[in-house]
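Dropping work_8.txt in here (compact mmCIF, C-alpha atoms and all ligand atoms):
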```
# COMPACT_ATOMS: atom_id res chain seq x y z
CA MET A 1 -22.03 1.01 -16.13
CA LYS A 2 -18.43 0.90 -17.35
CA ALA A 3 -15.68 2.22 -15.09
CA ALA A 4 -11.90 2.07 -14.81
CA VAL A 5 -11.30 0.06 -11.64
CA TYR A 6 -8.19 -0.75 -9.61
CA SER A 7 -7.99 -2.96 -6.55
CA LYS A 8 -4.27 -2.86 -5.74
CA TYR A 9 -1.62 -0.14 -5.82
CA GLY A 10 0.89 -0.24 -8.64
CA PRO A 11 1.74 0.72 -12.23
CA PRO A 12 -0.81 1.73 -14.90
CA GLU A 13 -1.59 -1.95 -15.60
CA VAL A 14 -3.42 -2.31 -12.25
CA VAL A 15 -6.30 -0.35 -13.81
CA ALA A 16 -8.85 -2.24 -15.92
CA ILE A 17 -12.29 -1.59 -17.34
CA ALA A 18 -15.10 -3.36 -15.46
CA GLU A 19 -18.86 -3.27 -15.02
CA VAL A 20 -19.87 -1.63 -11.71
CA PRO A 21 -23.25 -0.55 -10.30
CA LYS A 22 -24.53 2.78 -11.58
CA PRO A 23 -24.74 5.24 -8.67
CA VAL A 24 -28.14 6.46 -7.53
CA PRO A 25 -28.46 10.11 -6.48
CA GLN A 26 -29.54 10.87 -2.91
CA ASP A 27 -32.20 13.53 -2.31
CA ASN A 28 -29.62 16.38 -2.51
CA GLU A 29 -27.49 14.90 -5.32
CA VAL A 30 -27.36 14.99 -9.11
CA LEU A 31 -26.33 12.08 -11.34
CA VAL A 32 -23.87 13.24 -14.01
CA ARG A 33 -23.60 11.37 -17.31
CA ILE A 34 -19.86 11.87 -17.73
CA HIS A 35 -18.52 12.99 -21.11
CA ALA A 36 -14.91 13.69 -20.07
CA ALA A 37 -12.63 13.40 -17.04
CA THR A 38 -8.93 13.97 -16.47
CA ILE A 39 -6.22 11.70 -15.14
CA THR A 40 -4.20 13.96 -12.87
CA THR A 41 -1.06 13.63 -10.80
CA ALA A 42 -3.42 13.11 -7.82
CA ASP A 43 -4.78 9.96 -9.53
CA TRP A 44 -1.20 8.88 -10.22
CA ARG A 45 -0.30 9.29 -6.54
CA ALA A 46 -3.44 7.45 -5.35
CA ARG A 47 -2.83 4.61 -7.82
CA SER A 48 0.92 4.18 -7.31
CA LEU A 49 1.37 5.41 -3.73
CA GLU A 50 4.18 7.62 -5.07
CA ILE A 51 3.92 10.20 -2.30
CA PRO A 52 6.09 13.34 -1.91
CA VAL A 53 9.30 12.86 0.09
CA GLY A 54 8.62 12.39 3.82
CA PHE A 55 4.87 11.76 3.38
CA GLY A 56 5.23 8.03 2.60
CA LEU A 57 3.64 6.91 5.88
CA PHE A 58 0.52 8.93 5.11
CA GLY A 59 -0.23 7.20 1.79
CA ARG A 60 -2.03 4.09 3.02
CA PRO A 61 -4.04 5.88 5.75
CA ALA A 62 -5.18 8.36 3.10
CA PHE A 63 -6.02 5.94 0.29
CA GLY A 64 -6.59 2.60 2.07
CA PHE A 65 -4.37 0.35 4.24
CA PHE A 66 -4.82 -2.99 2.50
CA GLY A 67 -5.63 -1.64 -0.96
CA PRO A 68 -7.44 1.34 -2.46
CA ARG A 69 -10.57 2.36 -0.56
CA LYS A 70 -11.96 4.12 -3.66
CA LYS A 71 -11.75 1.67 -6.54
CA VAL A 72 -12.50 4.21 -9.28
CA LEU A 73 -10.10 7.13 -9.71
CA GLY A 74 -10.85 10.55 -11.23
CA MET A 75 -11.48 13.74 -9.27
CA ASP A 76 -13.11 15.89 -11.94
CA MET A 77 -15.71 15.42 -14.61
CA SER A 78 -17.78 17.26 -17.16
CA GLY A 79 -21.02 15.98 -18.54
CA THR A 80 -24.77 16.41 -18.44
CA ILE A 81 -27.25 15.93 -15.64
CA GLU A 82 -29.15 12.71 -16.13
CA SER A 83 -31.28 12.66 -12.98
CA MET A 84 -31.43 14.23 -9.53
CA GLY A 85 -32.78 13.81 -6.01
CA LYS A 86 -36.06 15.39 -4.96
CA ASP A 87 -34.46 18.27 -3.05
CA VAL A 88 -32.34 19.61 -5.92
CA THR A 89 -33.55 22.94 -7.25
CA ASN A 90 -30.45 24.61 -8.74
CA PHE A 91 -29.97 22.27 -11.73
CA LYS A 92 -32.23 20.67 -14.32
CA ILE A 93 -32.01 17.57 -16.49
CA ASP A 94 -29.51 17.87 -19.39
CA ASP A 95 -27.66 20.86 -17.88
CA PRO A 96 -24.01 20.70 -18.99
CA VAL A 97 -21.83 20.82 -15.87
CA LEU A 98 -18.27 20.70 -14.61
CA ALA A 99 -17.62 19.19 -11.18
CA MET A 100 -14.92 18.03 -8.78
CA THR A 101 -15.39 15.08 -6.43
CA ARG A 102 -12.09 15.54 -4.54
CA SER A 103 -11.24 12.54 -2.32
CA ALA A 104 -14.50 10.81 -3.24
CA PHE A 105 -12.91 10.20 -6.71
CA GLY A 106 -15.11 8.06 -9.00
CA CYS A 107 -15.00 10.10 -12.24
CA HIS A 108 -13.29 7.51 -14.48
CA ALA A 109 -16.71 6.03 -15.06
CA GLU A 110 -19.79 6.58 -17.17
CA TYR A 111 -21.70 8.15 -14.27
CA GLN A 112 -20.99 9.75 -10.91
CA VAL A 113 -23.12 11.51 -8.32
CA ILE A 114 -22.30 14.75 -6.53
CA ALA A 115 -24.16 16.95 -4.04
CA ALA A 116 -25.95 19.74 -5.89
CA ASP A 117 -24.35 22.25 -3.48
CA GLY A 118 -20.91 20.66 -3.89
CA LEU A 119 -18.12 21.60 -6.29
CA ILE A 120 -20.30 21.78 -9.38
CA VAL A 121 -20.87 24.66 -11.83
CA ARG A 122 -22.34 25.05 -15.28
CA LYS A 123 -19.89 24.24 -18.07
CA PRO A 124 -18.61 27.34 -19.88
CA GLU A 125 -20.44 27.33 -23.24
CA ASN A 126 -17.33 28.05 -25.29
CA LEU A 127 -15.42 25.05 -23.93
CA SER A 128 -15.84 21.45 -25.06
CA PHE A 129 -16.46 18.84 -22.37
CA GLU A 130 -12.79 17.80 -22.69
CA GLN A 131 -11.59 21.39 -22.22
CA ALA A 132 -13.98 22.03 -19.34
CA THR A 133 -12.86 19.07 -17.23
CA ALA A 134 -9.21 20.03 -17.91
CA LEU A 135 -9.87 23.38 -16.26
CA ALA A 136 -10.50 21.97 -12.80
CA PHE A 137 -7.45 20.37 -11.15
CA GLY A 138 -4.68 22.62 -12.45
CA GLY A 139 -6.90 25.69 -12.31
CA THR A 140 -8.07 25.34 -8.71
CA THR A 141 -4.54 24.50 -7.53
CA ALA A 142 -2.91 27.41 -9.36
CA LEU A 143 -5.62 29.86 -8.31
CA ASP A 144 -5.39 28.86 -4.64
CA PHE A 145 -1.59 29.12 -4.59
CA LEU A 146 -1.35 32.37 -6.54
CA ARG A 147 -4.29 34.26 -5.04
CA ARG A 148 -4.75 32.89 -1.52
CA LYS A 149 -1.28 31.71 -0.54
CA GLY A 150 0.72 34.10 -2.75
CA GLY A 151 -1.54 37.21 -2.63
CA ILE A 152 -0.71 37.96 -6.27
CA GLN A 153 -1.04 41.65 -7.25
CA GLN A 154 -1.31 43.44 -10.57
CA GLY A 155 2.08 44.32 -12.05
CA GLU A 156 4.02 41.78 -9.99
CA ARG A 157 6.73 39.72 -11.60
CA VAL A 158 5.86 36.04 -11.37
CA LEU A 159 7.98 33.05 -12.38
CA ILE A 160 6.43 29.60 -12.85
CA VAL A 161 8.72 26.54 -12.73
CA GLY A 162 7.03 23.69 -14.61
CA ALA A 163 5.03 26.06 -16.80
CA SER A 164 4.07 23.35 -19.31
CA GLY A 165 2.43 20.98 -16.82
CA CYS A 166 -1.19 20.85 -15.68
CA VAL A 167 -0.81 23.23 -12.72
CA GLY A 168 1.92 25.30 -14.39
CA SER A 169 0.03 25.96 -17.64
CA ALA A 170 -2.98 27.06 -15.60
CA ALA A 171 -0.76 29.24 -13.39
CA VAL A 172 0.72 31.10 -16.38
CA GLN A 173 -2.75 32.05 -17.61
CA ILE A 174 -4.15 32.86 -14.16
CA ALA A 175 -1.17 35.07 -13.32
CA LYS A 176 -1.72 36.93 -16.61
CA HIS A 177 -5.39 37.32 -15.66
CA PHE A 178 -4.24 39.10 -12.47
CA GLY A 179 -2.08 41.46 -14.53
CA ALA A 180 1.30 39.99 -13.63
CA HIS A 181 4.40 39.93 -15.82
CA VAL A 182 4.87 36.18 -16.24
CA THR A 183 8.03 34.18 -16.87
CA GLY A 184 7.80 30.44 -17.49
CA VAL A 185 10.46 27.77 -16.97
CA CYS A 186 10.25 24.64 -19.13
CA SER A 187 12.33 22.42 -21.41
CA THR A 188 13.21 23.25 -25.02
CA SER A 189 10.30 21.36 -26.59
CA ASN A 190 7.73 23.28 -24.51
CA VAL A 191 9.04 26.84 -24.97
CA GLU A 192 6.61 27.65 -27.80
CA LEU A 193 3.65 26.21 -25.88
CA VAL A 194 4.42 28.31 -22.80
CA ARG A 195 4.74 31.45 -24.93
CA SER A 196 1.49 30.63 -26.71
CA ILE A 197 -0.48 30.56 -23.43
CA GLY A 198 0.70 34.06 -22.54
CA ALA A 199 4.11 33.95 -20.84
CA ASP A 200 5.96 37.21 -21.42
CA LYS A 201 9.29 35.44 -21.15
CA VAL A 202 10.46 31.82 -21.05
CA PHE A 203 13.60 30.23 -19.60
CA ASP A 204 14.57 26.92 -21.17
CA TYR A 205 15.97 25.05 -18.16
CA LYS A 206 17.97 22.79 -20.46
CA LYS A 207 20.00 25.84 -21.51
CA GLN A 208 19.92 28.28 -18.59
CA ASP A 209 19.27 28.24 -14.86
CA TYR A 210 17.04 31.31 -14.36
CA THR A 211 18.81 32.12 -11.09
CA THR A 212 21.94 33.01 -13.10
CA SER A 213 20.08 36.01 -14.57
CA ALA A 214 19.85 39.27 -12.62
CA GLU A 215 16.04 39.28 -12.72
CA LYS A 216 14.03 39.45 -9.50
CA PHE A 217 10.56 38.01 -8.98
CA ASP A 218 7.82 38.83 -6.48
CA ILE A 219 6.52 35.26 -6.71
CA ILE A 220 8.34 32.11 -7.74
CA MET A 221 5.95 29.18 -7.99
CA ASP A 222 7.42 25.69 -8.32
CA THR A 223 5.20 22.84 -9.52
CA THR A 224 8.05 20.35 -10.08
CA GLY A 225 9.62 19.76 -6.67
CA THR A 226 13.00 20.90 -8.03
CA GLU A 227 13.13 24.29 -6.29
CA SER A 228 14.39 25.28 -2.86
CA PHE A 229 14.66 28.58 -1.05
CA ALA A 230 18.45 28.23 -0.89
CA HIS A 231 18.60 27.94 -4.69
CA CYS A 232 16.28 30.79 -5.65
CA GLN A 233 16.47 33.29 -2.76
CA ASN A 234 18.61 35.78 -4.71
CA SER A 235 16.02 35.77 -7.50
CA LEU A 236 13.26 36.82 -5.07
CA SER A 237 12.61 40.52 -4.63
CA ASP A 238 12.34 41.98 -1.10
CA GLY A 239 9.11 40.58 0.31
CA GLY A 240 9.10 37.94 -2.41
CA LYS A 241 7.41 34.54 -1.97
CA LEU A 242 8.44 31.07 -3.03
CA LEU A 243 5.29 28.99 -3.54
CA LEU A 244 6.00 25.26 -3.33
CA VAL A 245 3.14 23.37 -4.95
CA LEU A 246 5.14 20.16 -4.66
CA ALA A 247 7.05 20.17 -1.38
CA SER A 248 8.69 17.56 0.83
CA LEU A 249 7.54 17.03 4.42
CA GLY A 250 10.64 18.96 5.52
CA GLN A 251 9.73 21.97 3.36
CA ASN A 252 6.15 21.80 4.62
CA ILE A 253 7.31 22.12 8.23
CA GLY A 254 9.68 24.94 7.40
CA ILE A 255 13.06 23.22 7.01
CA GLY A 256 15.20 25.32 4.67
CA SER A 257 12.80 28.27 4.90
CA PRO A 258 14.02 31.87 5.24
CA SER A 259 14.88 33.12 8.72
CA ARG A 260 12.25 35.13 10.64
CA LYS A 261 14.25 38.31 9.95
CA SER A 262 14.03 37.85 6.19
CA SER A 263 11.31 39.69 4.30
CA LYS A 264 11.09 36.68 1.97
CA ARG A 265 8.80 33.68 2.50
CA ALA A 266 8.58 30.05 1.41
CA ILE A 267 4.99 28.79 1.40
CA ALA A 268 3.90 25.16 0.92
CA GLY A 269 0.68 23.33 1.72
CA VAL A 270 -2.32 21.63 0.22
CA ALA A 271 -4.46 23.46 -2.32
CA SER A 272 -8.07 23.92 -1.31
CA GLU A 273 -10.67 23.52 -4.05
CA ARG A 274 -13.55 25.95 -3.60
CA ILE A 275 -16.77 26.49 -5.45
CA GLU A 276 -16.02 30.22 -5.87
CA ASP A 277 -12.66 29.33 -7.44
CA LEU A 278 -14.24 26.84 -9.83
CA GLN A 279 -16.77 29.51 -10.80
CA SER A 280 -13.99 32.14 -11.27
CA LEU A 281 -12.06 29.75 -13.52
CA SER A 282 -15.18 28.98 -15.48
CA ASP A 283 -15.80 32.72 -15.89
CA MET A 284 -12.18 33.29 -16.98
CA ALA A 285 -12.61 30.56 -19.58
CA ALA A 286 -15.90 32.07 -20.77
CA ASN A 287 -14.13 35.44 -21.15
CA GLY A 288 -11.33 33.88 -23.20
CA GLU A 289 -8.73 34.41 -20.44
CA PHE A 290 -8.13 30.75 -19.66
CA MET A 291 -7.94 27.86 -22.10
CA PRO A 292 -6.82 24.62 -20.43
CA VAL A 293 -3.96 22.87 -22.21
CA ILE A 294 -4.71 19.32 -23.34
CA ASP A 295 -1.88 16.87 -23.92
CA HIS A 296 -3.98 14.03 -25.29
CA VAL A 297 -7.56 12.72 -25.19
CA TYR A 298 -7.92 8.93 -24.76
CA PRO A 299 -11.11 6.84 -24.96
CA LEU A 300 -11.97 5.10 -21.68
CA ASP A 301 -10.85 1.76 -23.16
CA GLU A 302 -7.29 3.15 -23.44
CA ILE A 303 -7.14 4.01 -19.74
CA VAL A 304 -3.87 2.12 -19.17
CA GLU A 305 -2.13 4.03 -21.98
CA ALA A 306 -3.52 7.28 -20.55
CA HIS A 307 -2.12 6.46 -17.10
CA ARG A 308 1.25 5.70 -18.69
CA ARG A 309 1.32 9.19 -20.19
CA VAL A 310 0.62 10.75 -16.78
CA ASP A 311 3.31 8.59 -15.18
CA SER A 312 5.86 9.88 -17.69
CA GLY A 313 5.97 13.21 -15.79
CA ARG A 314 6.29 14.90 -19.19
CA LYS A 315 2.69 15.64 -20.11
CA ARG A 316 1.84 19.08 -21.43
CA GLY A 317 -1.18 20.26 -19.47
CA ASN A 318 -3.84 17.60 -19.08
CA VAL A 319 -4.51 14.00 -20.01
CA VAL A 320 -8.23 13.63 -20.66
CA ILE A 321 -10.47 10.54 -20.84
CA SER A 322 -13.39 10.78 -23.24
CA LEU A 323 -16.55 8.90 -22.32
CA VAL A 324 -18.74 10.23 -25.11
CA ARG A 325 -21.06 7.55 -26.46
CA ASN A 326 -24.03 7.34 -28.82
CA GLY A 327 -26.89 9.52 -27.68
CA ASP A 328 -24.79 12.17 -25.88
CA LYS A 329 -25.79 15.76 -26.63
N1 LIG A 401 0.03 21.15 -3.05
C1 LIG A 401 -1.05 20.69 -3.62
O1 LIG A 401 -2.16 20.74 -3.06
C2 LIG A 401 -0.96 20.14 -5.02
C3 LIG A 401 -2.08 20.21 -5.86
C4 LIG A 401 -1.96 19.73 -7.15
C5 LIG A 401 -0.77 19.17 -7.59
N2 LIG A 401 0.26 19.07 -6.72
C6 LIG A 401 1.55 18.47 -7.15
O2 LIG A 401 2.12 19.35 -8.11
C7 LIG A 401 2.94 18.60 -8.98
C8 LIG A 401 2.70 19.08 -10.40
O3 LIG A 401 1.44 18.64 -10.82
P1 LIG A 401 1.03 18.73 -12.34
O4 LIG A 401 -0.28 18.04 -12.42
O5 LIG A 401 1.15 20.10 -12.84
O6 LIG A 401 2.19 17.81 -13.00
P2 LIG A 401 2.41 17.45 -14.52
O7 LIG A 401 1.33 18.00 -15.37
O8 LIG A 401 2.67 15.98 -14.60
O9 LIG A 401 3.78 18.20 -14.86
C9 LIG A 401 4.44 17.77 -16.01
C10 LIG A 401 5.29 18.90 -16.52
O10 LIG A 401 6.37 19.12 -15.61
C11 LIG A 401 7.44 19.64 -16.38
N3 LIG A 401 8.71 19.47 -15.70
C12 LIG A 401 9.22 18.33 -15.20
N4 LIG A 401 10.42 18.60 -14.63
C13 LIG A 401 10.64 19.93 -14.77
C14 LIG A 401 11.70 20.82 -14.39
N5 LIG A 401 12.77 20.37 -13.75
N6 LIG A 401 11.57 22.14 -14.69
C15 LIG A 401 10.50 22.60 -15.35
N7 LIG A 401 9.48 21.80 -15.76
C16 LIG A 401 9.56 20.49 -15.47
C17 LIG A 401 7.37 18.85 -17.66
O11 LIG A 401 7.88 19.65 -18.69
P3 LIG A 401 9.23 19.27 -19.45
O12 LIG A 401 8.95 17.96 -20.13
O13 LIG A 401 9.40 20.43 -20.35
O14 LIG A 401 10.29 19.16 -18.39
C18 LIG A 401 5.85 18.60 -17.86
O15 LIG A 401 5.27 19.46 -18.81
C19 LIG A 401 2.61 17.13 -8.74
O16 LIG A 401 3.68 16.51 -8.07
C20 LIG A 401 1.38 17.15 -7.86
O17 LIG A 401 1.35 16.07 -6.96
C21 LIG A 401 0.22 19.55 -5.45
```
Transcribe the structure of this file into C-alpha cells.
Amino acid sequence: MKAAVYSKYGPPEVVAIAEVPKPVPQDNEVLVRIHAATITTADWRARSLEIPVGFGLFGRPAFGFFGPRKKVLGMDMSGTIESMGKDVTNFKIDDPVLAMTRSAFGCHAEYQVIAADGLIVRKPENLSFEQATALAFGGTTALDFLRRKGGIQQGERVLIVGASGCVGSAAVQIAKHFGAHVTGVCSTSNVELVRSIGADKVFDYKKQDYTTSAEKFDIIMDTTGTESFAHCQNSLSDGGKLLLVLASLGQNIGIGSPSRKSSKRAIAGVASERIEDLQSLSDMAANGEFMPVIDHVYPLDEIVEAHRRVDSGRKRGNVVISLVRNGDK
C-alpha cells in the first residue's frame, strides 16, 4: 500500500510517499480502508521535534532516539472497514468509521488497523469523510480541556485564544454546545470565520488586547502558547480558570500560577482522548452542533505541501489528506 513515510526528523521535505506492507488485523482488530486523515500539530511536533519550551529532552525518548520509531504519521482517520479479526463483533464490513490511533500513528496511509474496542466510532452520516476525520484531534482536545479540566457550565463566559485553529475552532463550538457565552481571539483575516462558527464576540488581536477591556471570563482557554496568568489574571472572574492547551514545562509545574490563596486557577496538561468523548463529538456533529473547520484538503501525493501548511502555524482549523481512490464507496 501507499503511505507517507519519514525516517529522519526535519522539515516537511523529510516525508515522502513509499510502498509499505499493508497491515493485517489481529483477532480483535479491524482494517480500515482510509478515505481521509488529518495532519495535526501533533504530527508536526513528531516530525520536526519542535517540542514546547522546556520539554525538548523528552522529544527523542517519546518519538525515537535515533530517528522516528513510527515511520508513518497521522493520528486520526475516517474510512470504511475492509476486513476484521475473528473476535470482532461490533463492526461489519463496509461500516463507515472514524478512529484515532494516538501514539501508534500510521494514518497517513491507505490502510491502518485499530482494536475494535479502541478509539473508533461510526462516522456521523451527515459528515463527509474529510469532515469526520477533522472532528477528532481538535474536538477531543477541546472537549477534555473545557469539560474535564475546566468544568465548563451553562451560562459561563468563555474566551478562546487561537479561536481559528484546529483546537480553538472546535473549542468555540463545544463551548456553545455547553451553553456558554463565547468570545474568540484571532487575527483580522479570521474574524468572520470565528463569528460564523458561533462566537458571540470576537477580539481581533491585531487591533486590541482583550485584557484592556473590562470584561471578565470564567474560563480563558489559550491554544497558542501566548498567554500567561500574569497577563490575563484581571480578565478572570473570581474562581476563573486559565486553561493552557499549549504550556511550557514551567507552566506545567506551576511556575507563574496563582497563589494558593487566589480563587483563580491556571490549568495545563495533556489532553486525554476517550471513546466517550469521540462519541459525544460525533453526536454533536450529527445534531448539527459541531462542524469541523477545514483549511484545505490535499491528495496524499501532495503530503509535503500539506505539511508546509501545518508548519505555517496559520492554518484555519484542519489540514486534511484525502486518500479516496477508485472503488471507494
Ligand atoms: N495539551 C495537549 O494535550 C494538546 C493537545 C492538542 C494540541 N496541543 C497544542 O495546542 C496548540 C494548538 O494546536 P492547534 O492544532 O489548534 O494549532 P493550529 O491549528 O496550528 O493553530 C493555528 C491557529 O493559531 C492562530 N494563532 C496563532 N497565533 C495566535 C495568537 N497570538 N493569537 C490568536 N491566534 C493565534 C492562527 O490564527 P491567526 O493566523 O489568525 O493568528 C491559526 O488559525 C499546538 O501547539 C499543539 O501542540 C496541545
Enumerate residues in contact with ligand LIG 401 (chain A): an atom-to-atom distance of at most 6 Å, counting only C-alpha atoms and all ligand atoms. Format the result as a VMD selection string. chain A and resid 40 to 42 141 161 to 162 164 to 168 185 to 187 190 223 to 224 226 245 to 246 269 to 271 313 to 317
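The space separating atom CA of A:Leu236 from atom CA of A:Asn318 comes to 29.3 Å.
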In Å, how far is it from atom CA of A:Ser228 to atom CA of A:Arg265? 11.4 Å
Mind checking which residues fall within 12 Å of A:Glu276, counting all atoms listed in the file, ignoring those fewer than 3 positions away in the same chain, and posting them as a ChimeraX atom specification? /A:117-121,140,143-144,272-273,279-283
With only C-alpha atoms as the counted atoms, please give the residues lying no more than 9 Å from stretch 258-260 of chain A, apart from itself and same-chain residues fewer than 6 positions off, as a VMD selection string. chain A and resid 229 to 230 233 266
Could you tell me how far atom CA of A:His108 sits from atom CA of A:Asp76, in Å to one decimal place?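 Computed distance, atom CA of A:Asp76 to atom CA of A:His108, equals 8.8 Å.
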Residues of stretch 118-207 of chain A that have any atom at most 6 Å from an atom of stretch 286-303 of chain A: could you tabulate them with the shortest-distance atom pair and the distance in Å to one decimal, using only C-alpha atoms, ordered by chain and increasing number, as a Markdown table?
```
| residue | atom | partner | partner_atom | distance |
| --- | --- | --- | --- | --- |
| A:Pro124 | CA | A:Ala286 | CA | 5.5 |
| A:Ala134 | CA | A:Pro292 | CA | 5.8 |
| A:Leu135 | CA | A:Pro292 | CA | 5.3 |
| A:Gln173 | CA | A:Phe290 | CA | 5.9 |
```
Can you work out which one of A:Ile275, A:Leu73, A:Val191, A:Leu31 has the shortest atom-to-atom distance to A:Trp44, counting only C-alpha atoms?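 Checking each of A:Ile275, A:Leu73, A:Val191, A:Leu31 against A:Trp44, counting only C-alpha atoms, the winner is A:Leu73.
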Restricting the calculation to only C-alpha atoms: of A:Asp204, A:Glu82, A:Glu13, A:Glu305, which residue gets closest to A:Asp94?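 Smallest distance to A:Asp94 is found for A:Glu82.
Distances from A:Arg147, A:Arg69, A:Lys2, A:Arg195 to A:His177 were compared using only C-alpha atoms, and the smallest one belongs to A:Arg147.
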Of the residues A:Ile255, A:Leu57, A:Leu278, A:Ala214, which is the one nearest to A:Val97, using only C-alpha atoms? A:Leu278
For A:Thr38, list every protein, DNA or RNA residue within 6 Å, evaluated using all atoms listed in the file, and leave out those in the same chain fewer than 2 positions away; present the list as a PyMOL selection string. chain A and resi 40+319-321
Nearby residues (only C-alpha atoms) at most 10 Å from A:Pro21, same-chain spacing under 2 positions excluded, as a short mmCIF file (atom, residue, chain, number, x, y, z; two decimals) with C-alpha atoms, in the coordinates of the input:
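Contents of around-v4.cif, as written:
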```
data_model
loop_
_atom_site.label_atom_id
_atom_site.label_comp_id
_atom_site.auth_asym_id
_atom_site.auth_seq_id
_atom_site.Cartn_x
_atom_site.Cartn_y
_atom_site.Cartn_z
CA MET A 1 -22.03 1.01 -16.13
CA LYS A 2 -18.43 0.90 -17.35
CA ALA A 3 -15.68 2.22 -15.09
CA GLU A 19 -18.86 -3.27 -15.02
CA PRO A 23 -24.74 5.24 -8.67
CA VAL A 24 -28.14 6.46 -7.53
CA TYR A 111 -21.70 8.15 -14.27
#
```
